[in-house]
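Participant: This one is structure-v3.csv, CSV, C-alpha atoms.
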chain,number,residue,atom,x,y,z
Y,722,MET,CA,-73.4,-76.5,-21.6
Y,723,LYS,CA,-74.8,-79.5,-23.4
Y,724,MET,CA,-75.5,-82.3,-20.9
Y,725,LEU,CA,-76.4,-85.7,-22.2
Y,726,GLY,CA,-76.9,-87.0,-18.7
Y,727,HIS,CA,-76.7,-90.7,-17.8
Y,728,ILE,CA,-75.0,-92.8,-20.5
Y,729,LEU,CA,-74.2,-96.1,-18.8
Y,730,THR,CA,-73.9,-98.0,-15.5
Y,731,ASP,CA,-71.4,-100.7,-14.5
Y,732,LYS,CA,-71.1,-102.3,-11.1
Y,733,GLY,CA,-72.9,-99.4,-9.5
Y,734,SER,CA,-70.8,-96.7,-11.1
Y,735,LYS,CA,-72.8,-94.2,-13.3
Y,736,TYR,CA,-71.4,-92.2,-16.1
Y,737,ALA,CA,-72.6,-89.0,-17.8
Y,738,VAL,CA,-71.1,-86.7,-20.4
Y,739,SER,CA,-71.3,-83.0,-21.0
Y,740,GLY,CA,-69.6,-80.4,-23.1
Y,741,CYS,CA,-69.5,-76.9,-24.7
Y,742,PRO,CA,-67.4,-74.7,-27.0
Y,743,VAL,CA,-64.5,-72.9,-25.2
Y,744,THR,CA,-61.6,-70.9,-26.5
Y,745,ASP,CA,-59.2,-70.6,-23.5
Y,746,ARG,CA,-58.5,-71.9,-20.0
Y,747,ALA,CA,-60.8,-69.3,-18.5
Y,748,GLY,CA,-63.6,-70.7,-20.6
Y,749,VAL,CA,-62.8,-74.2,-19.3
Y,750,ASP,CA,-62.9,-73.0,-15.7
Y,751,ALA,CA,-66.2,-71.2,-16.3
Y,752,ALA,CA,-67.8,-74.2,-17.9
Y,753,LEU,CA,-66.7,-76.6,-15.1
Y,754,LYS,CA,-68.1,-74.1,-12.5
Y,755,LEU,CA,-71.4,-74.0,-14.4
Y,756,LEU,CA,-71.5,-77.8,-14.5
Y,757,LYS,CA,-70.9,-78.1,-10.8
Y,758,ARG,CA,-73.8,-75.7,-10.0
Y,759,ASP,CA,-75.8,-78.9,-10.5
Y,760,LYS,CA,-75.5,-80.6,-7.1
Y,761,ALA,CA,-75.4,-84.1,-8.6
Y,762,TYR,CA,-72.3,-83.1,-10.7
Y,763,ALA,CA,-70.7,-81.2,-7.8
Y,764,LYS,CA,-71.0,-84.4,-5.7
Y,765,ALA,CA,-69.6,-86.7,-8.4
Y,766,THR,CA,-66.5,-88.7,-7.7
Y,767,HIS,CA,-64.8,-87.6,-10.9
Y,768,ASN,CA,-65.4,-84.9,-13.5
Y,769,THR,CA,-62.7,-85.8,-16.0
Y,770,TRP,CA,-62.3,-83.3,-18.9
Y,771,ALA,CA,-60.2,-82.4,-21.9
Y,772,VAL,CA,-60.1,-79.8,-24.7
Y,773,GLN,CA,-58.0,-79.3,-27.8
Y,774,LEU,CA,-57.5,-75.5,-27.9
Y,775,SER,CA,-56.5,-74.2,-31.3
Y,776,ALA,CA,-54.4,-71.4,-29.7
Y,777,THR,CA,-52.5,-73.4,-27.1
Y,778,GLY,CA,-53.0,-77.1,-27.6
Y,779,ALA,CA,-54.5,-79.8,-25.4
Y,780,LEU,CA,-55.6,-79.2,-21.8
Y,781,LYS,CA,-56.9,-82.0,-19.6
Y,782,GLY,CA,-57.9,-82.7,-16.0
Y,783,ASP,CA,-58.2,-86.3,-14.7
Y,784,ASP,CA,-59.9,-85.3,-11.4
Y,785,GLY,CA,-58.5,-88.4,-9.7
Y,786,GLU,CA,-59.3,-90.8,-12.6
Y,787,SER,CA,-55.7,-91.2,-13.7
Y,788,GLY,CA,-55.3,-91.4,-17.5
Y,789,ALA,CA,-58.9,-90.6,-18.4
Y,790,GLY,CA,-58.2,-87.1,-19.6
Y,791,MET,CA,-55.7,-88.3,-22.2
Y,792,ILE,CA,-58.3,-90.7,-23.6
Y,793,ILE,CA,-60.6,-87.7,-24.2
Y,794,VAL,CA,-57.7,-85.7,-25.8
Y,795,ARG,CA,-56.9,-88.5,-28.2
Y,796,MET,CA,-60.5,-88.8,-29.2
Y,797,LEU,CA,-60.7,-85.1,-29.8
Y,798,GLU,CA,-57.6,-85.2,-31.9
Y,799,ARG,CA,-58.9,-88.1,-34.0
Y,800,GLU,CA,-62.2,-86.3,-34.5
Y,801,GLY,CA,-60.4,-83.1,-35.4
Y,802,LEU,CA,-62.5,-81.2,-32.9
Y,803,SER,CA,-60.9,-78.0,-31.5
Y,804,ASP,CA,-62.1,-75.5,-29.0
Y,805,HIS,CA,-64.7,-77.8,-27.5
Y,806,LEU,CA,-64.6,-79.1,-23.9
Y,807,ILE,CA,-65.9,-82.6,-23.1
Y,808,VAL,CA,-66.5,-83.6,-19.5
Y,809,VAL,CA,-67.0,-87.3,-18.5
Y,810,THR,CA,-68.6,-87.5,-15.0
Y,811,ARG,CA,-68.4,-90.7,-12.9
Y,812,TRP,CA,-70.3,-91.4,-9.7
Y,813,TYR,CA,-68.3,-94.3,-8.0
Y,814,GLY,CA,-70.5,-97.3,-7.3
Y,815,GLY,CA,-68.3,-99.1,-4.7
Y,816,LYS,CA,-66.6,-101.6,-6.9
Y,817,HIS,CA,-63.4,-101.1,-8.9
Y,818,LEU,CA,-63.8,-101.3,-12.6
Y,819,GLY,CA,-60.1,-101.7,-13.6
Y,820,GLY,CA,-59.5,-101.1,-17.3
Y,821,ASP,CA,-63.2,-101.0,-18.1
Y,822,ARG,CA,-63.3,-97.4,-16.8
Y,823,PHE,CA,-61.3,-96.3,-19.8
Y,824,ARG,CA,-63.7,-98.1,-22.2
Y,825,HIS,CA,-66.6,-96.3,-20.4
Y,826,VAL,CA,-64.9,-92.9,-20.9
Y,827,GLN,CA,-64.6,-93.8,-24.6
Y,828,THR,CA,-68.3,-94.8,-24.8
Y,829,CYS,CA,-69.3,-91.5,-23.2
Y,830,VAL,CA,-67.1,-89.3,-25.5
Y,831,ARG,CA,-68.4,-91.2,-28.5
Y,832,ALA,CA,-72.0,-90.6,-27.4
Y,833,TYR,CA,-71.3,-86.9,-27.1
Y,834,LEU,CA,-69.5,-86.7,-30.4
Y,835,ASP,CA,-72.3,-88.5,-32.2
Y,836,ALA,CA,-74.8,-86.0,-30.7
Y,837,LEU,CA,-73.0,-83.0,-32.1
Can you turn what I pasted into structure tokens?
Facilitator:
Amino acid sequence: MKMLGHILTDKGSKYAVSGCPVTDRAGVDAALKLLKRDKAYAKATHNTWAVQLSATGALKGDDGESGAGMIIVRMLEREGLSDHLIVVTRWYGGKHLGGDRFRHVQTCVRAYLDAL
């Protein structure tokens, strides 16, 4: 699991991004379990994720951050990246971010893709 760690902070909310190659849902579940072994990630408010599997198509999990998984799916599709899980983690800072939260998800995914 490649963990880029802290990417940005806004109104107290902190964002991080991680990812790794996977080929099926079992791989996704194993990767999420591995990520959450780190107590900071296990205690995060949201671990939003998505993957474009070449065998079965897109899978996503919003983890309470409604709509965020689809943003990751769309970015993976545009990038043409298959069989690679990306997880955007958010620790809620106490203030609502509104639509900015989607921009922050995009920023995190872009940082991850640029680091590949």
Participant: Rank Y:Ala832, Y:Val808, Y:Ala763, Y:Ile728 by their smallest atom-to-atom distance to Gly790 of chain Y, using only C-alpha atoms, and report the top residue only.
Facilitator: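 Selected residue with least distance to Gly790 of chain Y: Y:Val808.
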Participant: Let me make sure I understand: among Y:Asp745, Y:Leu797, Y:Gln827, Y:Arg822, which one has the smallest atom-to-atom distance to Thr777 of chain Y if we use only C-alpha atoms?
Facilitator: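 Ranking Y:Asp745, Y:Leu797, Y:Gln827, Y:Arg822 by distance to Thr777 of chain Y, first place goes to Y:Asp745.
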Participant: Contacts of segment 771-773 of chain Y at 6 Å or less, counting all atoms listed in the file, minus same-chain residues fewer than 4 places along, as a count of residues only?
Facilitator: 12
Participant: Show me, as number ranges by chain, the residues that have an atom within 12 Å of Cys829 of chain Y when counting all atoms listed in the file, minus same-chain residues fewer than 6 positions from it.
Facilitator: Y: 724-730, 735-740, 769-770, 789, 792-793, 796, 807-811, 822-823, 835-836
Participant: Nearest residue to Asp784 of chain Y out of Y:Leu802, Y:Ala765, Y:Leu818, Y:Cys741, using only C-alpha atoms?
Facilitator: Y:Ala765
Participant: Kindly complete segment 790-808 of chain Y to N, CA and C atoms; the output should be written as a PDB file, keeping the file's coordinate frame.
Facilitator:
ATOM      1  N   GLY Y 790     -58.234 -88.310 -18.817  1.00  0.00           N
ATOM      2  CA  GLY Y 790     -58.200 -87.100 -19.600  1.00  0.00           C
ATOM      3  C   GLY Y 790     -57.487 -87.268 -20.932  1.00  0.00           C
ATOM      4  N   MET Y 791     -56.427 -88.080 -20.934  1.00  0.00           N
ATOM      5  CA  MET Y 791     -55.700 -88.300 -22.200  1.00  0.00           C
ATOM      6  C   MET Y 791     -56.534 -89.093 -23.187  1.00  0.00           C
ATOM      7  N   ILE Y 792     -57.395 -89.961 -22.714  1.00  0.00           N
ATOM      8  CA  ILE Y 792     -58.300 -90.700 -23.600  1.00  0.00           C
ATOM      9  C   ILE Y 792     -59.189 -89.677 -24.352  1.00  0.00           C
ATOM     10  N   ILE Y 793     -59.708 -88.698 -23.621  1.00  0.00           N
ATOM     11  CA  ILE Y 793     -60.600 -87.700 -24.200  1.00  0.00           C
ATOM     12  C   ILE Y 793     -59.758 -86.848 -25.226  1.00  0.00           C
ATOM     13  N   VAL Y 794     -58.525 -86.468 -24.850  1.00  0.00           N
ATOM     14  CA  VAL Y 794     -57.700 -85.700 -25.800  1.00  0.00           C
ATOM     15  C   VAL Y 794     -57.455 -86.456 -27.061  1.00  0.00           C
ATOM     16  N   ARG Y 795     -57.118 -87.727 -26.976  1.00  0.00           N
ATOM     17  CA  ARG Y 795     -56.900 -88.500 -28.200  1.00  0.00           C
ATOM     18  C   ARG Y 795     -58.110 -88.617 -29.067  1.00  0.00           C
ATOM     19  N   MET Y 796     -59.266 -88.766 -28.454  1.00  0.00           N
ATOM     20  CA  MET Y 796     -60.500 -88.800 -29.200  1.00  0.00           C
ATOM     21  C   MET Y 796     -60.808 -87.513 -29.919  1.00  0.00           C
ATOM     22  N   LEU Y 797     -60.554 -86.408 -29.222  1.00  0.00           N
ATOM     23  CA  LEU Y 797     -60.700 -85.100 -29.800  1.00  0.00           C
ATOM     24  C   LEU Y 797     -59.796 -84.887 -31.001  1.00  0.00           C
ATOM     25  N   GLU Y 798     -58.547 -85.330 -30.837  1.00  0.00           N
ATOM     26  CA  GLU Y 798     -57.600 -85.200 -31.900  1.00  0.00           C
ATOM     27  C   GLU Y 798     -58.001 -86.024 -33.137  1.00  0.00           C
ATOM     28  N   ARG Y 799     -58.419 -87.274 -32.911  1.00  0.00           N
ATOM     29  CA  ARG Y 799     -58.900 -88.100 -34.000  1.00  0.00           C
ATOM     30  C   ARG Y 799     -60.070 -87.530 -34.736  1.00  0.00           C
ATOM     31  N   GLU Y 800     -60.944 -86.892 -33.954  1.00  0.00           N
ATOM     32  CA  GLU Y 800     -62.200 -86.300 -34.500  1.00  0.00           C
ATOM     33  C   GLU Y 800     -61.863 -84.968 -35.207  1.00  0.00           C
ATOM     34  N   GLY Y 801     -60.700 -84.366 -34.870  1.00  0.00           N
ATOM     35  CA  GLY Y 801     -60.400 -83.100 -35.400  1.00  0.00           C
ATOM     36  C   GLY Y 801     -61.194 -81.941 -34.819  1.00  0.00           C
ATOM     37  N   LEU Y 802     -61.652 -82.141 -33.592  1.00  0.00           N
ATOM     38  CA  LEU Y 802     -62.500 -81.200 -32.900  1.00  0.00           C
ATOM     39  C   LEU Y 802     -61.687 -80.277 -32.004  1.00  0.00           C
ATOM     40  N   SER Y 803     -61.631 -78.987 -32.326  1.00  0.00           N
ATOM     41  CA  SER Y 803     -60.900 -78.000 -31.500  1.00  0.00           C
ATOM     42  C   SER Y 803     -61.859 -77.087 -30.797  1.00  0.00           C
ATOM     43  N   ASP Y 804     -61.375 -76.496 -29.720  1.00  0.00           N
ATOM     44  CA  ASP Y 804     -62.100 -75.500 -29.000  1.00  0.00           C
ATOM     45  C   ASP Y 804     -63.489 -76.000 -28.496  1.00  0.00           C
ATOM     46  N   HIS Y 805     -63.503 -77.256 -28.043  1.00  0.00           N
ATOM     47  CA  HIS Y 805     -64.700 -77.800 -27.500  1.00  0.00           C
ATOM     48  C   HIS Y 805     -64.375 -78.719 -26.315  1.00  0.00           C
ATOM     49  N   LEU Y 806     -64.888 -78.340 -25.159  1.00  0.00           N
ATOM     50  CA  LEU Y 806     -64.600 -79.100 -23.900  1.00  0.00           C
ATOM     51  C   LEU Y 806     -65.579 -80.247 -23.801  1.00  0.00           C
ATOM     52  N   ILE Y 807     -65.025 -81.404 -23.404  1.00  0.00           N
ATOM     53  CA  ILE Y 807     -65.900 -82.600 -23.100  1.00  0.00           C
ATOM     54  C   ILE Y 807     -65.530 -83.010 -21.676  1.00  0.00           C
ATOM     55  N   VAL Y 808     -66.589 -83.224 -20.884  1.00  0.00           N
ATOM     56  CA  VAL Y 808     -66.500 -83.600 -19.500  1.00  0.00           C
ATOM     57  C   VAL Y 808     -67.172 -84.975 -19.309  1.00  0.00           C
TER      58      VAL Y 808
END
